[in-house]
Structure formats: structure tokens, C-alpha cells
>>> print(open('target_39.cif').read())   # mmCIF, C-alpha atoms and all ligand atoms
data_structure
#
loop_
_atom_site.label_atom_id
_atom_site.label_comp_id
_atom_site.auth_asym_id
_atom_site.auth_seq_id
_atom_site.Cartn_x
_atom_site.Cartn_y
_atom_site.Cartn_z
CA MET A 1 -137.31 -210.88 10.46
CA THR A 2 -138.01 -209.35 13.83
CA ILE A 3 -137.65 -206.03 15.62
CA SER A 4 -134.12 -204.82 16.05
CA PHE A 5 -133.60 -202.71 19.19
CA ASP A 6 -131.03 -200.05 20.00
CA ASN A 7 -128.79 -201.23 22.79
CA ILE A 8 -128.53 -197.86 24.53
CA THR A 9 -129.14 -196.20 27.87
CA MET A 10 -131.68 -193.48 28.64
CA ASP A 11 -128.93 -190.81 28.67
CA GLU A 12 -127.69 -191.92 25.26
CA ALA A 13 -131.20 -191.97 23.82
CA VAL A 14 -131.92 -188.44 25.06
CA ALA A 15 -128.52 -187.19 23.85
CA PHE A 16 -129.26 -188.65 20.40
CA ALA A 17 -132.69 -186.95 20.33
CA MET A 18 -131.23 -183.60 21.45
CA GLU A 19 -128.54 -183.85 18.79
CA SER A 20 -131.30 -184.44 16.23
CA ILE A 21 -133.02 -181.24 17.42
CA HIS A 22 -129.76 -179.29 17.09
CA GLN A 23 -129.10 -180.69 13.61
CA ARG A 24 -132.81 -180.38 12.62
CA ARG A 25 -132.60 -183.99 11.46
CA ARG A 26 -135.43 -186.49 11.67
CA CYS A 27 -135.48 -188.80 14.69
CA ARG A 28 -138.49 -191.09 14.93
CA VAL A 29 -138.66 -192.86 18.28
CA VAL A 30 -140.60 -196.07 18.87
CA THR A 31 -141.01 -198.15 22.03
CA PRO A 32 -141.96 -201.69 21.01
CA ASN A 33 -143.08 -204.26 23.57
CA ALA A 34 -144.39 -207.84 23.37
CA GLU A 35 -147.69 -206.69 21.84
CA PHE A 36 -145.85 -204.77 19.12
CA ALA A 37 -143.70 -207.78 18.31
CA LEU A 38 -146.71 -210.03 17.79
CA GLU A 39 -148.45 -207.38 15.67
CA ALA A 40 -145.27 -206.87 13.63
CA LYS A 41 -145.13 -210.61 12.91
CA LYS A 42 -148.47 -210.35 11.09
CA ASN A 43 -148.00 -206.89 9.66
CA PRO A 44 -144.83 -206.34 7.57
CA ARG A 45 -145.58 -202.64 7.16
CA PHE A 46 -145.59 -202.18 10.93
CA LEU A 47 -142.33 -204.11 11.27
CA ASN A 48 -140.79 -201.89 8.61
CA VAL A 49 -141.92 -198.67 10.33
CA LEU A 50 -140.42 -199.89 13.61
CA ASN A 51 -137.12 -201.02 12.14
CA SER A 52 -136.70 -197.88 10.05
CA SER A 53 -137.05 -195.65 13.12
CA GLN A 54 -133.93 -193.89 14.31
CA LEU A 55 -134.46 -194.89 17.95
CA VAL A 56 -136.00 -198.26 18.82
CA LEU A 57 -136.22 -198.29 22.60
CA ALA A 58 -136.68 -201.39 24.73
CA ASP A 59 -139.61 -200.27 26.84
CA GLY A 60 -140.91 -203.54 28.28
CA ILE A 61 -139.22 -206.03 30.55
CA SER A 62 -140.29 -208.79 28.13
CA VAL A 63 -137.95 -207.31 25.51
CA ILE A 64 -135.04 -207.48 27.96
CA TYR A 65 -135.84 -211.12 28.80
CA ALA A 66 -136.20 -211.98 25.11
CA SER A 67 -132.84 -210.36 24.34
CA ARG A 68 -131.22 -212.53 27.03
CA ILE A 69 -132.93 -215.65 25.75
CA VAL A 70 -131.62 -215.12 22.21
CA GLY A 71 -128.14 -214.43 23.53
CA ALA A 72 -127.93 -210.75 22.56
CA PRO A 73 -128.68 -209.07 25.90
CA LEU A 74 -129.70 -205.42 25.92
CA GLN A 75 -128.18 -203.11 28.55
CA GLY A 76 -131.52 -202.31 30.09
CA ARG A 77 -134.91 -200.75 29.66
CA VAL A 78 -135.60 -197.28 28.33
CA THR A 79 -139.25 -196.76 29.22
CA GLY A 80 -141.47 -194.50 27.14
CA VAL A 81 -142.65 -192.41 30.09
CA GLY A 82 -139.08 -192.13 31.39
CA PHE A 83 -137.87 -191.06 27.95
CA ALA A 84 -140.60 -188.39 27.69
CA GLN A 85 -139.63 -187.00 31.09
CA ALA A 86 -135.89 -187.04 30.43
CA LEU A 87 -136.39 -185.43 27.00
CA ALA A 88 -138.62 -182.74 28.54
CA ALA A 89 -135.94 -182.05 31.16
CA ALA A 90 -133.20 -181.72 28.53
CA MET A 91 -135.40 -179.54 26.30
CA ALA A 92 -136.31 -177.30 29.24
CA LYS A 93 -132.64 -176.45 29.78
CA GLU A 94 -132.51 -175.02 26.25
CA GLY A 95 -136.03 -173.53 26.11
CA LYS A 96 -137.04 -175.95 23.33
CA ARG A 97 -140.58 -176.42 22.07
CA LEU A 98 -142.56 -179.63 22.72
CA TYR A 99 -145.88 -180.52 21.06
CA LEU A 100 -148.26 -182.98 22.71
CA LEU A 101 -150.50 -185.06 20.44
CA GLY A 102 -152.88 -187.76 21.60
CA ALA A 103 -155.24 -189.15 24.23
CA LYS A 104 -158.78 -188.02 24.98
CA PRO A 105 -159.72 -184.33 24.71
CA GLY A 106 -158.25 -182.33 27.59
CA VAL A 107 -155.58 -184.86 28.57
CA ALA A 108 -152.75 -183.31 26.53
CA GLU A 109 -153.54 -179.91 28.10
CA GLN A 110 -153.35 -181.46 31.57
CA ALA A 111 -150.04 -183.09 30.67
CA ALA A 112 -148.82 -179.73 29.36
CA GLU A 113 -149.56 -178.05 32.69
CA LYS A 114 -147.78 -180.78 34.64
CA LEU A 115 -144.75 -180.72 32.35
CA LYS A 116 -144.42 -176.93 32.48
CA GLU A 117 -144.60 -177.06 36.27
CA THR A 118 -142.03 -179.85 36.56
CA TYR A 119 -139.62 -178.59 33.89
CA PRO A 120 -139.50 -174.78 34.01
CA GLY A 121 -138.12 -173.44 30.75
CA LEU A 122 -139.86 -176.04 28.63
CA VAL A 123 -142.09 -174.42 26.01
CA ILE A 124 -145.28 -176.30 25.14
CA ALA A 125 -145.64 -175.47 21.46
CA GLY A 126 -149.18 -176.82 21.28
CA THR A 127 -151.52 -179.69 22.10
CA HIS A 128 -154.10 -181.76 20.23
CA ASP A 129 -156.24 -184.70 21.28
CA GLY A 130 -155.86 -188.05 19.55
CA TYR A 131 -159.38 -188.40 18.17
CA PHE A 132 -159.38 -186.53 14.87
CA ARG A 133 -160.57 -187.26 11.34
CA GLU A 134 -158.61 -184.87 9.16
CA GLU A 135 -154.98 -185.80 9.56
CA GLY A 136 -153.95 -183.02 7.15
CA ASP A 137 -155.45 -180.36 9.44
CA VAL A 138 -153.59 -181.76 12.41
CA VAL A 139 -150.31 -181.83 10.48
CA GLN A 140 -150.85 -178.17 9.55
CA ALA A 141 -151.58 -177.22 13.15
CA ILE A 142 -148.43 -179.01 14.32
CA ASN A 143 -146.21 -177.32 11.73
CA ALA A 144 -147.71 -173.91 12.53
CA ALA A 145 -146.61 -174.40 16.16
CA HIS A 146 -142.95 -174.96 15.13
CA PRO A 147 -142.12 -177.69 17.65
CA ASP A 148 -138.66 -179.15 18.14
CA ALA A 149 -140.12 -182.43 19.36
CA MET A 150 -143.52 -184.07 19.61
CA LEU A 151 -145.00 -186.86 21.73
CA VAL A 152 -147.39 -188.90 19.58
CA CYS A 153 -149.68 -190.88 21.89
CA LEU A 154 -152.33 -192.50 19.70
CA GLY A 155 -151.71 -196.16 20.62
CA ALA A 156 -149.92 -198.64 18.37
CA PRO A 157 -149.80 -199.07 15.43
CA LYS A 158 -151.79 -195.87 14.75
CA GLN A 159 -149.10 -193.56 16.13
CA GLU A 160 -146.29 -195.23 14.17
CA PHE A 161 -148.30 -195.07 10.93
CA PHE A 162 -149.21 -191.43 11.57
CA MET A 163 -145.52 -190.56 11.99
CA GLU A 164 -144.55 -192.48 8.86
CA ASP A 165 -147.45 -191.33 6.68
CA HIS A 166 -146.60 -187.68 7.34
CA ASP A 167 -142.84 -188.06 7.57
CA GLY A 168 -142.29 -185.78 4.56
CA GLU A 169 -144.69 -183.04 5.69
CA LEU A 170 -144.06 -182.87 9.43
CA GLU A 171 -141.42 -180.24 10.18
CA VAL A 172 -140.58 -181.66 13.61
CA PRO A 173 -137.12 -183.12 14.15
CA VAL A 174 -138.01 -185.54 16.98
CA MET A 175 -141.28 -187.51 17.05
CA ALA A 176 -141.82 -190.15 19.71
CA GLY A 177 -144.65 -192.70 19.63
CA LEU A 178 -145.44 -193.25 23.29
CA GLY A 179 -148.88 -194.93 23.59
CA GLY A 180 -150.53 -194.42 26.95
CA SER A 181 -147.75 -192.13 28.27
CA MET A 182 -149.86 -188.97 27.84
CA ASP A 183 -152.36 -190.29 30.39
CA VAL A 184 -149.49 -190.93 32.81
CA LEU A 185 -147.91 -187.51 32.21
CA ALA A 186 -151.32 -185.90 32.79
CA GLY A 187 -151.59 -187.76 36.09
CA ASN A 188 -154.78 -189.59 35.03
CA VAL A 189 -153.20 -193.02 35.04
CA LYS A 190 -150.79 -193.71 37.82
CA TRP A 191 -147.39 -194.98 36.78
CA ALA A 192 -146.55 -198.15 38.69
CA PRO A 193 -144.97 -197.43 42.13
CA PRO A 194 -141.15 -197.69 42.34
CA PHE A 195 -141.33 -201.22 43.78
CA PHE A 196 -142.97 -202.53 40.58
CA ARG A 197 -140.76 -200.41 38.31
CA LYS A 198 -137.59 -201.64 39.99
CA LEU A 199 -138.57 -205.25 39.44
CA GLY A 200 -139.75 -204.47 35.89
CA ILE A 201 -143.24 -205.72 36.61
CA GLU A 202 -145.33 -202.64 35.83
CA TRP A 203 -147.48 -205.00 33.79
CA LEU A 204 -148.56 -206.76 36.99
CA TYR A 205 -149.50 -203.45 38.61
CA ARG A 206 -151.43 -202.42 35.49
CA LEU A 207 -153.18 -205.79 35.37
CA CYS A 208 -154.33 -205.40 39.01
CA LYS A 209 -155.62 -201.90 38.23
CA GLU A 210 -157.23 -202.82 34.91
CA PRO A 211 -158.02 -206.56 34.92
CA LYS A 212 -159.65 -206.12 31.48
CA ARG A 213 -156.14 -205.95 30.04
CA TRP A 214 -155.42 -209.64 30.60
CA LYS A 215 -156.14 -210.41 26.93
CA ARG A 216 -153.42 -207.96 25.90
CA MET A 217 -151.00 -209.20 28.54
CA ILE A 218 -151.27 -212.81 27.52
CA LYS A 219 -149.08 -211.71 24.61
CA LEU A 220 -146.10 -211.37 26.92
CA PRO A 221 -145.50 -215.11 27.47
CA ILE A 222 -146.29 -215.80 23.79
CA TYR A 223 -143.56 -213.34 22.82
CA LEU A 224 -141.07 -214.94 25.21
CA TRP A 225 -141.91 -218.35 23.81
CA ASP A 226 -141.13 -216.96 20.34
CA ALA A 227 -137.73 -215.89 21.66
CA VAL A 228 -137.10 -219.41 22.95
CA LYS A 229 -137.97 -220.76 19.49
CA TRP A 230 -135.62 -218.27 17.78
CA LYS A 231 -132.90 -219.35 20.15
CA LEU A 232 -133.50 -223.01 19.38
CA LYS A 233 -133.35 -222.23 15.67
CA GLY A 234 -130.19 -220.20 16.23
CA ASP A 235 -131.93 -217.06 14.89
CA ARG A 236 -130.43 -213.90 16.41
CA SER A 237 -132.13 -211.56 13.97
CA ASN A 238 -133.80 -209.67 16.79
CA ALA A 239 -130.40 -208.95 18.26
CA ALA A 240 -129.75 -205.47 19.49
CA ARG A 241 -128.21 -203.05 17.08
CA ASN A 242 -125.99 -200.22 18.03
CA ALA A 243 -127.28 -196.68 17.84
CA GLY A 244 -123.87 -195.64 16.67
N1 LIG A 301 -155.69 -192.98 21.61
C1 LIG A 301 -155.81 -191.84 20.83
N2 LIG A 301 -156.46 -191.94 19.63
C2 LIG A 301 -156.97 -193.11 19.18
C3 LIG A 301 -156.81 -194.28 19.97
C4 LIG A 301 -156.15 -194.16 21.19
O1 LIG A 301 -155.36 -190.76 21.19
O2 LIG A 301 -157.54 -193.11 18.09
C5 LIG A 301 -154.98 -192.85 22.89
C6 LIG A 301 -155.74 -193.36 24.09
O3 LIG A 301 -156.65 -192.34 24.56
C7 LIG A 301 -154.60 -193.64 25.05
C8 LIG A 301 -153.46 -194.08 24.11
O4 LIG A 301 -153.82 -193.62 22.84
O5 LIG A 301 -154.24 -192.46 25.72
C9 LIG A 301 -153.26 -195.59 23.97
O6 LIG A 301 -153.15 -196.16 25.16
P1 LIG A 301 -152.81 -197.71 25.32
O7 LIG A 301 -153.04 -198.01 26.74
O8 LIG A 301 -153.50 -198.52 24.29
O9 LIG A 301 -151.28 -197.69 24.94
P2 LIG A 301 -150.07 -198.48 25.55
O10 LIG A 301 -149.51 -197.63 26.64
O11 LIG A 301 -150.58 -199.80 26.01
O12 LIG A 301 -149.17 -198.56 24.36
#
>>> encode(input="target_39.cif", output="C-alpha cells")
Amino acid sequence: MTISFDNITMDEAVAFAMESIHQRRRCRVVTPNAEFALEAKKNPRFLNVLNSSQLVLADGISVIYASRIVGAPLQGRVTGVGFAQALAAAMAKEGKRLYLLGAKPGVAEQAAEKLKETYPGLVIAGTHDGYFREEGDVVQAINAAHPDAMLVCLGAPKQEFFMEDHDGELEVPVMAGLGGSMDVLAGNVKWAPPFFRKLGIEWLYRLCKEPKRWKRMIKLPIYLWDAVKWKLKGDRSNAARNAG
């Protein structure tokens, strides 16, 4: 079994998340890419956390290519950073409360300043860095801040397990696992320029900036090769599902 993505647009994803805030119903958002898929192949618990999430967004271009290869093409990408920004914009219109969890000390606060500046009306319910020991204390701090949504940027699979482990205790309707997005929102890591984003090759930009990442990026072609094998076997189990 493989990851099953929601075949939806950014607007639909944000509308679904906002509806979850209004209904106070749980919406766990994950943004799997090629690296996630290879990890999920070895780790059934991770695969289960991903597939049981309410929104499974196709962040990477590799996912779009893989969906075409297996004959179940997705409409397009919904990037994690783009989702965070669009959600912040929608929440700002209604004065909703966003909590920022993750990244090195100080980064979430920087992201909070940038977000408040860009989306007037948005309330930052609280912030916490991603290097903590006592998860229970962090859960308490989050609940005490009464957020409507939370960005969980601890890297994968840590962020997905954190969201699942505390699913019952966390009183936050929308929780989105967004990896390195906090660094981008804080302005510490530059998001790829529009040229790269348009072509879907942010990975190339990131590789040029951080050549150390080549070991992680080698997973992209391996993932696509997996898709070719699924296709040859006639396995469409990673086909997109409808958000409904
Ligand atoms: N991180 C964290 N706590 C940890 C490990 C990582 O908060 O215990 C943060 C790290 O500082 C970075 C993000 O999680 O901001 C992970 O970034 P990465 O580039 O690995 O994620 P990607 O965008 O590739 O998913």
C-alpha cells in the first residue's frame, strides 16, 4: 500500500481547513514528498499516519509526476509554504488564532512577526521552538493558547507522530505538518524564486543552495522509479482520492 493523496486545489484545501475550524472538527494536514514515500515504505506506522490524515497534500513535483506515471494524475501541487500562507490569509479575515510550533529557538517568533505584518487581523496564539523534551508541557502550552490552527514544523516523521500521539489531547482543530516551512516563513531560508517554482524545480534551487542535501534528493528518482514499477504491475493504489 502507498500514500493516497487528495486531488484538490489550494483553494479547496484552505476551504476544507477553514470549515474544520468553524465546525471545531479535527483536520490533520500532511504534505508528503518522495522522501516521505520511501520512509513510509519501510515504516507502516508512518504510512498509516499519513493516510489517516484528513488532508494529504501533494507538495512535491515528484508526486505529480508519479501520479501521471501511474495513470491517476493529480490536478496540481499544493505546496506546504503556499498552504500556510493561504491559510494565514483566510484566518486573518476572521481574526482566527494561529500557533507556530517548530524550528530552532527564535525562528517561530520571527515567522510570527512576518505573518502578522503580511496578514493583518491574524492572531498569533503562541509560539514554541521545535527542540523540546517534555511533549506534555508543550501540549499544555498549546492548549492554554486556544489556537484554531497550528503549524507543526519539526521535520518528518517527527511532526506527523507528534500530531498523532497527541491527537486526543490537542484541542486544536487544524494541525499542519509543514517541515522546513517555518524557516521560510521567518525569512531565514529563501523560498525558490518564481522561475523555479513555476517549473516545479524548487529542489534544484535548494540543491544549489545546500549541496549537502544531495543524499536526500537522490530519493526523488528512486520514488519515480517505484511509480514506474507500480504502473508496470498495474498497481494504482497510490491513486488520488477525493477530498469529498
Ligand atoms: N526541527 C525541529 N525539531 C527537531 C528537528 C527538526 O524543530 O527535532 C526543525 C528544523 O529546525 C527545521 C525543520 O524542522 O526547521 C525540518 O526541516 P527539513 O528541511 O528537514 O524539512 P523539509 O522541509 O525538508 O521537510
>>> closest_atom_pairs(input="target_39.cif", of="region 7-108 of chain A", to="region 156-180 of chain A", cutoff="9 Å", atoms="all atoms listed in the file", output="tab-separated table")
residue	atom	partner	partner_atom	distance
A:Ala17	CA	A:Val174	CA	6.4
A:Met18	CA	A:Val174	CA	8.3
A:Ser20	CA	A:Pro173	CA	6.3
A:Ile21	CA	A:Pro173	CA	5.6
A:His22	CA	A:Pro173	CA	8.8
A:Gln23	CA	A:Pro173	CA	8.4
A:Arg24	CA	A:Pro173	CA	5.3
A:Arg25	CA	A:Pro173	CA	5.3
A:Arg26	CA	A:Pro173	CA	4.5
A:Cys27	CA	A:Val174	CA	4.7
A:Arg28	CA	A:Met175	CA	5.0
A:Val29	CA	A:Ala176	CA	4.4
A:Val30	CA	A:Gly177	CA	5.3
A:Thr31	CA	A:Leu178	CA	6.7
A:Pro32	CA	A:Ala156	CA	8.9
A:Phe36	CA	A:Ala156	CA	7.4
A:Glu39	CA	A:Pro157	CA	8.4
A:Arg45	CA	A:Phe161	CA	8.9
A:Phe46	CA	A:Pro157	CA	6.9
A:Val49	CA	A:Glu160	CA	6.8
A:Leu50	CA	A:Glu160	CA	7.5
A:Leu55	CA	A:Ala176	CA	8.9
A:Gly80	CA	A:Leu178	CA	5.7
A:Val81	CA	A:Leu178	CA	7.4
A:Ala84	CA	A:Leu178	CA	8.1
A:Gly102	CA	A:Gly179	CA	8.4
A:Ala103	CA	A:Gly180	CA	7.6
>>> closest_residue(input="target_39.cif", among="A:Pro221, A:Gly106, A:Pro44, A:Pro73", to="ligand LIG 301 (chain A)", atoms="all atoms listed in the file")
A:Gly106
>>> residues_near_point(input="target_39.cif", point="(-156.9, -188.2, 20.0)", cutoff="6 Å", atoms="all atoms listed in the file", output="mmCIF file with C-alpha atoms, keeping the file's coordinate frame")
data_model
loop_
_atom_site.group_PDB
_atom_site.id
_atom_site.type_symbol
_atom_site.label_atom_id
_atom_site.label_comp_id
_atom_site.auth_asym_id
_atom_site.auth_seq_id
_atom_site.Cartn_x
_atom_site.Cartn_y
_atom_site.Cartn_z
ATOM 1 C CA GLY A 102 -152.880 -187.760 21.600
ATOM 2 C CA ALA A 103 -155.240 -189.150 24.230
ATOM 3 C CA LYS A 104 -158.780 -188.020 24.980
ATOM 4 C CA ASP A 129 -156.240 -184.700 21.280
ATOM 5 C CA GLY A 130 -155.860 -188.050 19.550
ATOM 6 C CA TYR A 131 -159.380 -188.400 18.170
ATOM 7 C CA PHE A 132 -159.380 -186.530 14.870
#
>>> closest_residue(input="target_39.cif", among="A:Val228, A:Ile69, A:Ala192, A:Ile3", to="Leu57 (chain A)", atoms="only C-alpha atoms")
A:Ile3
>>> atom_distance(input="target_39.cif", atom1="CA of Leu151 (chain A)", atom2="CA of Val107 (chain A)")
12.8 Å
>>> build_atoms(input="target_39.cif", residues="region 61-72 of chain A", atoms="all heavy atoms", output="mmCIF file, in the coordinates of the input")
data_model
loop_
_atom_site.group_PDB
_atom_site.id
_atom_site.type_symbol
_atom_site.label_atom_id
_atom_site.label_comp_id
_atom_site.auth_asym_id
_atom_site.auth_seq_id
_atom_site.Cartn_x
_atom_site.Cartn_y
_atom_site.Cartn_z
ATOM 1 N N ILE A 61 -140.132 -205.056 29.955
ATOM 2 C CA ILE A 61 -139.220 -206.030 30.550
ATOM 3 C C ILE A 61 -139.164 -207.300 29.681
ATOM 4 O O ILE A 61 -138.134 -207.976 29.615
ATOM 5 C CB ILE A 61 -139.640 -206.365 32.010
ATOM 6 C CG1 ILE A 61 -138.553 -207.148 32.742
ATOM 7 C CG2 ILE A 61 -140.961 -207.134 32.074
ATOM 8 C CD1 ILE A 61 -137.340 -206.359 33.102
ATOM 9 N N SER A 62 -140.264 -207.582 28.965
ATOM 10 C CA SER A 62 -140.290 -208.790 28.130
ATOM 11 C C SER A 62 -139.217 -208.710 27.040
ATOM 12 O O SER A 62 -138.620 -209.717 26.669
ATOM 13 C CB SER A 62 -141.669 -208.956 27.483
ATOM 14 O OG SER A 62 -142.023 -207.773 26.794
ATOM 15 N N VAL A 63 -138.966 -207.492 26.557
ATOM 16 C CA VAL A 63 -137.950 -207.310 25.510
ATOM 17 C C VAL A 63 -136.563 -207.626 26.075
ATOM 18 O O VAL A 63 -135.726 -208.255 25.420
ATOM 19 C CB VAL A 63 -137.993 -205.864 24.957
ATOM 20 C CG1 VAL A 63 -136.850 -205.611 23.998
ATOM 21 C CG2 VAL A 63 -139.335 -205.586 24.292
ATOM 22 N N ILE A 64 -136.339 -207.209 27.323
ATOM 23 C CA ILE A 64 -135.040 -207.480 27.960
ATOM 24 C C ILE A 64 -134.866 -208.993 28.150
ATOM 25 O O ILE A 64 -133.805 -209.553 27.826
ATOM 26 C CB ILE A 64 -134.945 -206.756 29.333
ATOM 27 C CG1 ILE A 64 -135.177 -205.248 29.163
ATOM 28 C CG2 ILE A 64 -133.615 -207.053 30.021
ATOM 29 C CD1 ILE A 64 -134.190 -204.537 28.262
ATOM 30 N N TYR A 65 -135.913 -209.658 28.624
ATOM 31 C CA TYR A 65 -135.840 -211.120 28.800
ATOM 32 C C TYR A 65 -135.591 -211.792 27.456
ATOM 33 O O TYR A 65 -134.743 -212.688 27.345
ATOM 34 C CB TYR A 65 -137.128 -211.662 29.418
ATOM 35 C CG TYR A 65 -137.291 -211.341 30.891
ATOM 36 C CD1 TYR A 65 -138.547 -211.133 31.437
ATOM 37 C CD2 TYR A 65 -136.191 -211.249 31.737
ATOM 38 C CE1 TYR A 65 -138.712 -210.831 32.779
ATOM 39 C CE2 TYR A 65 -136.345 -210.948 33.076
ATOM 40 C CZ TYR A 65 -137.596 -210.741 33.599
ATOM 41 O OH TYR A 65 -137.761 -210.446 34.920
ATOM 42 N N ALA A 66 -136.344 -211.361 26.434
ATOM 43 C CA ALA A 66 -136.200 -211.980 25.110
ATOM 44 C C ALA A 66 -134.774 -211.798 24.589
ATOM 45 O O ALA A 66 -134.185 -212.721 24.022
ATOM 46 C CB ALA A 66 -137.203 -211.386 24.129
ATOM 47 N N SER A 67 -134.192 -210.609 24.832
ATOM 48 C CA SER A 67 -132.840 -210.360 24.340
ATOM 49 C C SER A 67 -131.834 -211.286 25.028
ATOM 50 O O SER A 67 -130.858 -211.718 24.429
ATOM 51 C CB SER A 67 -132.445 -208.888 24.538
ATOM 52 O OG SER A 67 -132.150 -208.597 25.890
ATOM 53 N N ARG A 68 -132.123 -211.594 26.305
ATOM 54 C CA ARG A 68 -131.220 -212.530 27.030
ATOM 55 C C ARG A 68 -131.403 -213.934 26.496
ATOM 56 O O ARG A 68 -130.429 -214.671 26.310
ATOM 57 C CB ARG A 68 -131.543 -212.501 28.523
ATOM 58 C CG ARG A 68 -131.081 -211.208 29.168
ATOM 59 C CD ARG A 68 -131.308 -211.265 30.667
ATOM 60 N NE ARG A 68 -131.212 -209.925 31.222
ATOM 61 C CZ ARG A 68 -131.836 -209.522 32.309
ATOM 62 N NH1 ARG A 68 -132.594 -210.348 32.996
ATOM 63 N NH2 ARG A 68 -131.688 -208.297 32.741
ATOM 64 N N ILE A 69 -132.653 -214.293 26.241
ATOM 65 C CA ILE A 69 -132.930 -215.650 25.750
ATOM 66 C C ILE A 69 -132.208 -215.888 24.422
ATOM 67 O O ILE A 69 -131.606 -216.937 24.214
ATOM 68 C CB ILE A 69 -134.453 -215.876 25.596
ATOM 69 C CG1 ILE A 69 -135.133 -215.901 26.972
ATOM 70 C CG2 ILE A 69 -134.754 -217.178 24.847
ATOM 71 C CD1 ILE A 69 -136.651 -215.874 26.945
ATOM 72 N N VAL A 70 -132.260 -214.904 23.521
ATOM 73 C CA VAL A 70 -131.620 -215.120 22.210
ATOM 74 C C VAL A 70 -130.112 -214.906 22.240
ATOM 75 O O VAL A 70 -129.435 -215.059 21.236
ATOM 76 C CB VAL A 70 -132.251 -214.255 21.078
ATOM 77 C CG1 VAL A 70 -133.699 -214.603 20.858
ATOM 78 C CG2 VAL A 70 -132.074 -212.776 21.345
ATOM 79 N N GLY A 71 -129.591 -214.541 23.402
ATOM 80 C CA GLY A 71 -128.140 -214.430 23.530
ATOM 81 C C GLY A 71 -127.575 -213.112 23.028
ATOM 82 O O GLY A 71 -126.402 -213.026 22.680
ATOM 83 N N ALA A 72 -128.412 -212.084 22.953
ATOM 84 C CA ALA A 72 -127.930 -210.750 22.560
ATOM 85 C C ALA A 72 -128.489 -209.746 23.565
ATOM 86 O O ALA A 72 -129.329 -208.922 23.219
ATOM 87 C CB ALA A 72 -128.392 -210.413 21.156
#
